[in-house]
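Trainee: Before we start, here is the structure in question, set down as C-alpha cells.
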Amino acid sequence: MKRWLKRAAFALAPETATAVLSARSHRLVRDWGLWDLNRKLIAHLGPAVQAGPFQGLVLSPMTYEEHLGPFLLGTYEAELHPWLVAVIGGRFSRILDVGAKFGYYAVGLARRMPGTPVLAFDTDWWARAATREMATANRTPSVSVAGFCSPRWLDRYLTAGSFILTDCEGYEGELFRRASTPALDTATLLVESHDNLSPEVGMVVRQRFARTHDLAVVTSVSRTAPPGGLGFLTPAEAETAANEVRDPQEWLLFTPKSS
C-alpha cells in the first residue's frame with residue numbers, strides 16, 4: 001500500500017512528494033545522535049574533504065546538520081568514484097544535479113569543471129539554501145539553484161550533451177518517462193535507482209534509455225574506516241563516520257550509444 005501511495009503521489013503531486021522525502025534526511029541526523037560525531041570530525045580534520053575526486057571541497061556550516069563523516073572523509077558513494085573521474089575528464093554542455101541535497105556533487109563538480117554551468121535542483125528549501133552556501137564557500141559562481149525539475153522543464157530547457165545526476169527519492173521514473181526531449185538521447189546520466197523505495201523505478205529508467213544508451217550498473221558495498229588519522233574516534237565511531245546510514249543502493253550509468 002505504501003508503494004502504491006508513493007507512486008500515486010509522484011504521478012499526481014510530484015513536487016510535494018519529492019519535497020517531503022528530500023526534507024527528512026537532515027532531520028533524522030538529530031534522531032540518530034550524529035551531531036557529536038560531526039563536531040569531533042570537524043574539530044580534528046577541519047571542513048575540507050580529505051580524499052576522493054572532490055578532495056579539498058569545503059563543507060560549509062549548514063552541512064553539519066547532515067551525517068558528515070562519509071562526505072568529509074571522501075568515502076561517500078565511493079563506488080561511483082571511477083565514474084565521477086571519467087565525468088570530470090569529459091566535456092558537457094551543462095550539468096544537472098536533480099536532488100542536490102546540500103550540493104556535494106553540484107559544487108564538487110563545479111570546482112573540478114569550472115567552465116561548465118551547473119544547475120542544482122532540490123524541492124527542499126533547506127537543501128537549496130545549503131547548496132547556495134556551499135557554492136559561496138567554494139567560490140563556484142557557475143552553480144545555479146532551482147526547486148523542482150519537471151519533465152516539462154527538461155523538454156523546454158535541456159541542452160544536448162548534458163550530464164544529469166539524479167537522486168530524487170524514486171521520482172526518476174516519472175521524470176524520465178514523461179520527458180520527451182531529443183536532448184535526452186545525447187545526455188549522459190547517473191541515476192540512483194531507489195528500487196528500495198519504489199521497486200519499478202530501475203526497470204522504468206532502463207526501458208526508457210534501452211534504445212539510445214549503453215548501461216553500466218554498480219551496487220553499494222559496506223566499507224571500513226580509512227586507515228590512520230582517526231585515532232580520535234572509537235572504532236565504532238570510525239566505522240559510522242565512513243559509512244552512509246541507509247539501505248543498499250544501485251546506480252545506473254547511461255552513456256549515449258552515439259558517443
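Note on naming: chains are A, B, ... as they come in the C-alpha cells, residues start from 1 per chain, ligands start from 1 in the order shown.
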Kindly provide the residues of range 52-123 of chain A that approach range 32-44 of chain A to within 12 Å, each paired with its closest atom pair and their distance in Å to one decimal, based on only C-alpha atoms, listed by chain and increasing number, as a Markdown table.
Mentor:
```
| residue | atom | partner | partner_atom | distance |
| --- | --- | --- | --- | --- |
| A:Val58 | CA | A:Ile42 | CA | 11.1 |
| A:Leu59 | CA | A:Ile42 | CA | 9.6 |
| A:Ser60 | CA | A:Ile42 | CA | 10.8 |
| A:Pro61 | CA | A:Ile42 | CA | 10.2 |
| A:Met62 | CA | A:Asn38 | CA | 11.8 |
| A:Thr63 | CA | A:Asn38 | CA | 9.7 |
| A:Tyr64 | CA | A:Asn38 | CA | 6.5 |
| A:Glu65 | CA | A:Trp35 | CA | 7.2 |
| A:Glu66 | CA | A:Trp35 | CA | 8.2 |
| A:His67 | CA | A:Leu34 | CA | 6.4 |
| A:Leu68 | CA | A:Asn38 | CA | 5.9 |
| A:Gly69 | CA | A:Asn38 | CA | 6.7 |
| A:Pro70 | CA | A:Asn38 | CA | 10.4 |
| A:Phe71 | CA | A:Asn38 | CA | 10.8 |
| A:Leu72 | CA | A:Leu41 | CA | 8.0 |
| A:Leu73 | CA | A:Leu41 | CA | 9.1 |
```
Trainee: Going by DSSP on the backbone, which residues of range 73-231 of chain A come out as strand (DSSP E)? List them as a list in words.
Mentor: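 Result set for range 73-231 of chain A (strand (DSSP E)): Ile95, Leu96, Asp97, Val98, Val118, Leu119, Ala120, Phe121, Val143, Ser144, Val145, Ala146, Phe163, Ile164, Leu165, Thr166, Thr188, Leu189, Leu190, Val191, Glu192, His213, Asp214, Leu215, Ala216, Val217, Val218 and Thr219 of chain A.
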Trainee: With only C-alpha atoms as the counted atoms, please give the residues lying no more than 12 Å from Ser150 in chain A, apart from itself and same-chain residues fewer than 3 positions off, as a ChimeraX atom specification.
Mentor: /A:10-11,13-15,18,98-99,121-123,146-147,153-158,168,171-180
Trainee: Generate the output file for the selected residues, C-alpha atoms, as a compact mmCIF listing (two decimals), in the first residue's frame.
Mentor:
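Full text of part-v3.txt as output:
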```txt
# COMPACT_ATOMS: atom_id res chain seq x y z
CA PHE A 10 4.73 11.11 -7.72
CA ALA A 11 2.16 10.97 -10.51
CA ALA A 13 1.73 15.82 -6.93
CA PRO A 14 5.40 15.17 -7.74
CA GLU A 15 6.76 18.45 -6.39
CA THR A 18 9.76 14.89 -3.57
CA VAL A 98 18.45 16.62 -9.53
CA GLY A 99 18.06 16.08 -5.80
CA PHE A 121 17.60 21.15 -8.21
CA ASP A 122 16.04 20.34 -4.86
CA THR A 123 12.48 20.70 -3.61
CA ALA A 146 16.37 25.76 -8.53
CA GLY A 147 13.44 23.93 -6.96
CA TRP A 153 11.40 21.73 -17.73
CA LEU A 154 13.58 19.09 -19.40
CA ASP A 155 11.58 19.33 -22.60
CA ARG A 156 11.96 23.11 -22.69
CA TYR A 157 15.49 23.72 -21.47
CA LEU A 158 17.70 20.61 -21.57
CA CYS A 168 15.34 12.24 -6.16
CA TYR A 171 10.87 10.28 -8.81
CA GLU A 172 13.34 9.36 -11.56
CA GLY A 173 10.79 7.02 -13.13
CA GLU A 174 8.21 9.77 -13.63
CA LEU A 175 10.79 12.37 -14.64
CA PHE A 176 12.36 10.41 -17.47
CA ARG A 177 9.27 8.50 -18.57
CA ARG A 178 7.31 11.70 -19.18
CA ALA A 179 10.09 13.83 -20.70
CA SER A 180 10.26 13.61 -24.49
```
Trainee: Just the number, please: distance in Å from CA of Ser162 in chain A to CA of Thr186 in chain A, one decimal.
Mentor: 7.3 Å
Trainee: Tell me, as a VMD selection string, which residues lie within 9 Å of Arg206 in chain A, counting only C-alpha atoms; anything in the same chain fewer than 5 positions away does not count.
Mentor: chain A and resid 201 215 252 254
Trainee: Write out, as a PDB file, in the first residue's frame, the residues just selected, with C-alpha atoms.
Mentor:
```
ATOM      1  CA  VAL A 201      11.906   2.776 -10.913  1.00  0.00           C
ATOM      2  CA  LEU A 215      24.184   0.797 -19.420  1.00  0.00           C
ATOM      3  CA  LEU A 252      22.814   3.170 -13.278  1.00  0.00           C
ATOM      4  CA  PHE A 254      23.701   5.590 -19.074  1.00  0.00           C
TER       5      PHE A 254
END
```
Trainee: Set the distance at 10 Å and use only C-alpha atoms: which residues neighbour range 248-251 of chain A once local chain neighbours fewer than 4 positions away are removed? I'd like the list as a PyMOL selection string.
Mentor: chain A and resi 77+79-80+166-167+190-196+202+216-222+244
Trainee: Go ahead and save the residues from that selection, with C-alpha atoms, as a PDB file, in the first residue's frame.
Mentor:
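Output saved as selection_24.pdb:
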```pdb
ATOM      1  CA  GLU A  77      29.343   6.747  -2.515  1.00  0.00           C
ATOM      2  CA  GLU A  79      31.528   3.088  -5.627  1.00  0.00           C
ATOM      3  CA  LEU A  80      30.916   5.986  -8.021  1.00  0.00           C
ATOM      4  CA  THR A 166      19.668  12.182 -10.171  1.00  0.00           C
ATOM      5  CA  ASP A 167      18.988  11.253  -6.558  1.00  0.00           C
ATOM      6  CA  LEU A 190      23.988   8.756 -13.498  1.00  0.00           C
ATOM      7  CA  VAL A 191      20.815   7.572 -11.773  1.00  0.00           C
ATOM      8  CA  GLU A 192      20.347   6.258  -8.241  1.00  0.00           C
ATOM      9  CA  SER A 193      17.541   3.801  -8.890  1.00  0.00           C
ATOM     10  CA  HIS A 194      15.836   3.816  -5.456  1.00  0.00           C
ATOM     11  CA  ASP A 195      14.273   0.420  -6.036  1.00  0.00           C
ATOM     12  CA  ASN A 196      14.099   0.091  -2.258  1.00  0.00           C
ATOM     13  CA  GLY A 202      15.019   0.937 -12.086  1.00  0.00           C
ATOM     14  CA  ALA A 216      26.626   0.089 -16.580  1.00  0.00           C
ATOM     15  CA  VAL A 217      25.462  -0.863 -13.075  1.00  0.00           C
ATOM     16  CA  VAL A 218      27.135  -0.692  -9.670  1.00  0.00           C
ATOM     17  CA  THR A 219      25.755  -1.595  -6.241  1.00  0.00           C
ATOM     18  CA  SER A 220      26.714  -0.225  -2.849  1.00  0.00           C
ATOM     19  CA  VAL A 221      29.109  -2.037  -0.521  1.00  0.00           C
ATOM     20  CA  SER A 222      29.934  -1.650   3.145  1.00  0.00           C
ATOM     21  CA  GLU A 244      26.265   6.112   4.852  1.00  0.00           C
TER      22      GLU A 244
END
```
Trainee: Mind checking which residues fall within 9 Å of range 88-94 of chain A, counting only C-alpha atoms, ignoring those fewer than 3 positions away in the same chain, and posting them as a list in words?
Mentor: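 Close residues of range 88-94 of chain A: Pro53, Trp83, Leu84, Val85, Leu109, Arg112, Met113, Thr116, Pro117, Val118, Leu119, Leu158, Thr159, Ala160, Gly161, Ser162, Phe163, Ile164, Ala187 and Thr188 of chain A.
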Trainee: Mind dumping the selected residues with C-alpha atoms as a PDB file, in the first residue's frame?
Mentor:
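Contents of result31.pdb, as written:
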```
ATOM      1  CA  PRO A  53      37.552  13.182  -6.579  1.00  0.00           C
ATOM      2  CA  TRP A  83      32.579   7.136 -12.976  1.00  0.00           C
ATOM      3  CA  LEU A  84      32.915  10.616 -11.490  1.00  0.00           C
ATOM      4  CA  VAL A  85      36.564  10.812 -12.515  1.00  0.00           C
ATOM      5  CA  LEU A 109      31.810  19.029  -9.998  1.00  0.00           C
ATOM      6  CA  ARG A 112      36.639  20.360 -10.980  1.00  0.00           C
ATOM      7  CA  MET A 113      34.888  21.583 -14.157  1.00  0.00           C
ATOM      8  CA  THR A 116      30.698  24.028 -17.256  1.00  0.00           C
ATOM      9  CA  PRO A 117      27.457  25.560 -15.915  1.00  0.00           C
ATOM     10  CA  VAL A 118      25.840  23.540 -13.118  1.00  0.00           C
ATOM     11  CA  LEU A 119      22.169  23.637 -12.153  1.00  0.00           C
ATOM     12  CA  LEU A 158      17.699  20.615 -21.571  1.00  0.00           C
ATOM     13  CA  THR A 159      20.640  21.140 -23.920  1.00  0.00           C
ATOM     14  CA  ALA A 160      22.277  18.425 -25.989  1.00  0.00           C
ATOM     15  CA  GLY A 161      25.349  16.808 -24.449  1.00  0.00           C
ATOM     16  CA  SER A 162      24.386  17.388 -20.812  1.00  0.00           C
ATOM     17  CA  PHE A 163      25.391  15.322 -17.787  1.00  0.00           C
ATOM     18  CA  ILE A 164      22.460  14.539 -15.475  1.00  0.00           C
ATOM     19  CA  ALA A 187      22.784  13.087 -22.307  1.00  0.00           C
ATOM     20  CA  THR A 188      24.999  11.056 -20.005  1.00  0.00           C
TER      21      THR A 188
END
```
Trainee: Output as number ranges by chain all residues of range 4-184 of chain A that backbone DSSP marks as helix (DSSP H, G or I).
Mentor: A: 4-12, 14-32, 35-45, 61-65, 69-73, 78-88, 104-112, 125-137, 151-157, 172-178, 182-184
Trainee: For CA of Gly115 in chain A and CA of Glu169 in chain A, quote the distance in Å rounded to one decimal.
Mentor: 29.3 Å
Trainee: Please compute the CA of Asn138 in chain A-CA of Leu57 in chain A distance, one decimal, in Å.
Mentor: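 Going from CA of Asn138 in chain A over to CA of Leu57 in chain A covers 6.9 Å.
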Trainee: Met134 in chain A: which residues within 12 Å, counting only C-alpha atoms, same-chain residues fewer than 3 positions away excluded, as a PDB file with C-alpha atoms, in the first residue's frame?
Mentor:
```pdb
ATOM      1  CA  PRO A  47      35.911  21.328   6.960  1.00  0.00           C
ATOM      2  CA  ALA A  48      37.671  20.223   3.734  1.00  0.00           C
ATOM      3  CA  LEU A  57      35.907  20.772  -1.281  1.00  0.00           C
ATOM      4  CA  VAL A  58      34.925  22.908   1.717  1.00  0.00           C
ATOM      5  CA  LEU A  59      31.876  21.702   3.637  1.00  0.00           C
ATOM      6  CA  SER A  60      30.105  24.850   4.795  1.00  0.00           C
ATOM      7  CA  PRO A  61      28.359  25.194   8.192  1.00  0.00           C
ATOM      8  CA  MET A  62      24.859  24.158   7.089  1.00  0.00           C
ATOM      9  CA  THR A  63      26.212  20.754   6.056  1.00  0.00           C
ATOM     10  CA  TYR A  64      26.973  19.976   9.691  1.00  0.00           C
ATOM     11  CA  ALA A 100      21.191  18.035  -4.917  1.00  0.00           C
ATOM     12  CA  LYS A 101      20.866  17.828  -1.131  1.00  0.00           C
ATOM     13  CA  PHE A 102      23.472  20.328   0.118  1.00  0.00           C
ATOM     14  CA  GLY A 103      25.356  20.491  -3.168  1.00  0.00           C
ATOM     15  CA  TYR A 104      28.159  17.979  -2.603  1.00  0.00           C
ATOM     16  CA  TYR A 105      28.064  16.813  -6.211  1.00  0.00           C
ATOM     17  CA  ALA A 106      26.921  20.073  -7.773  1.00  0.00           C
ATOM     18  CA  VAL A 107      29.625  22.192  -6.142  1.00  0.00           C
ATOM     19  CA  GLY A 108      32.214  19.391  -6.231  1.00  0.00           C
ATOM     20  CA  ALA A 110      31.786  22.806 -10.451  1.00  0.00           C
ATOM     21  CA  ARG A 111      35.187  23.034  -8.721  1.00  0.00           C
ATOM     22  CA  ALA A 120      21.251  22.069  -8.797  1.00  0.00           C
ATOM     23  CA  ALA A 127      18.850  21.946   0.657  1.00  0.00           C
ATOM     24  CA  ARG A 128      18.650  24.904  -1.706  1.00  0.00           C
ATOM     25  CA  ALA A 129      19.970  27.282   0.968  1.00  0.00           C
ATOM     26  CA  ALA A 130      22.763  24.872   1.874  1.00  0.00           C
ATOM     27  CA  THR A 131      23.770  24.478  -1.779  1.00  0.00           C
ATOM     28  CA  ALA A 137      32.210  28.910   0.346  1.00  0.00           C
ATOM     29  CA  ASN A 138      33.895  27.195  -2.598  1.00  0.00           C
ATOM     30  CA  ARG A 139      33.775  30.174  -4.977  1.00  0.00           C
ATOM     31  CA  THR A 140      31.859  28.379  -7.703  1.00  0.00           C
ATOM     32  CA  PRO A 141      29.745  31.044  -9.451  1.00  0.00           C
ATOM     33  CA  VAL A 143      26.376  26.859  -9.785  1.00  0.00           C
ATOM     34  CA  SER A 144      22.723  27.908 -10.000  1.00  0.00           C
ATOM     35  CA  VAL A 145      19.997  26.570  -7.702  1.00  0.00           C
TER      36      VAL A 145
END
```
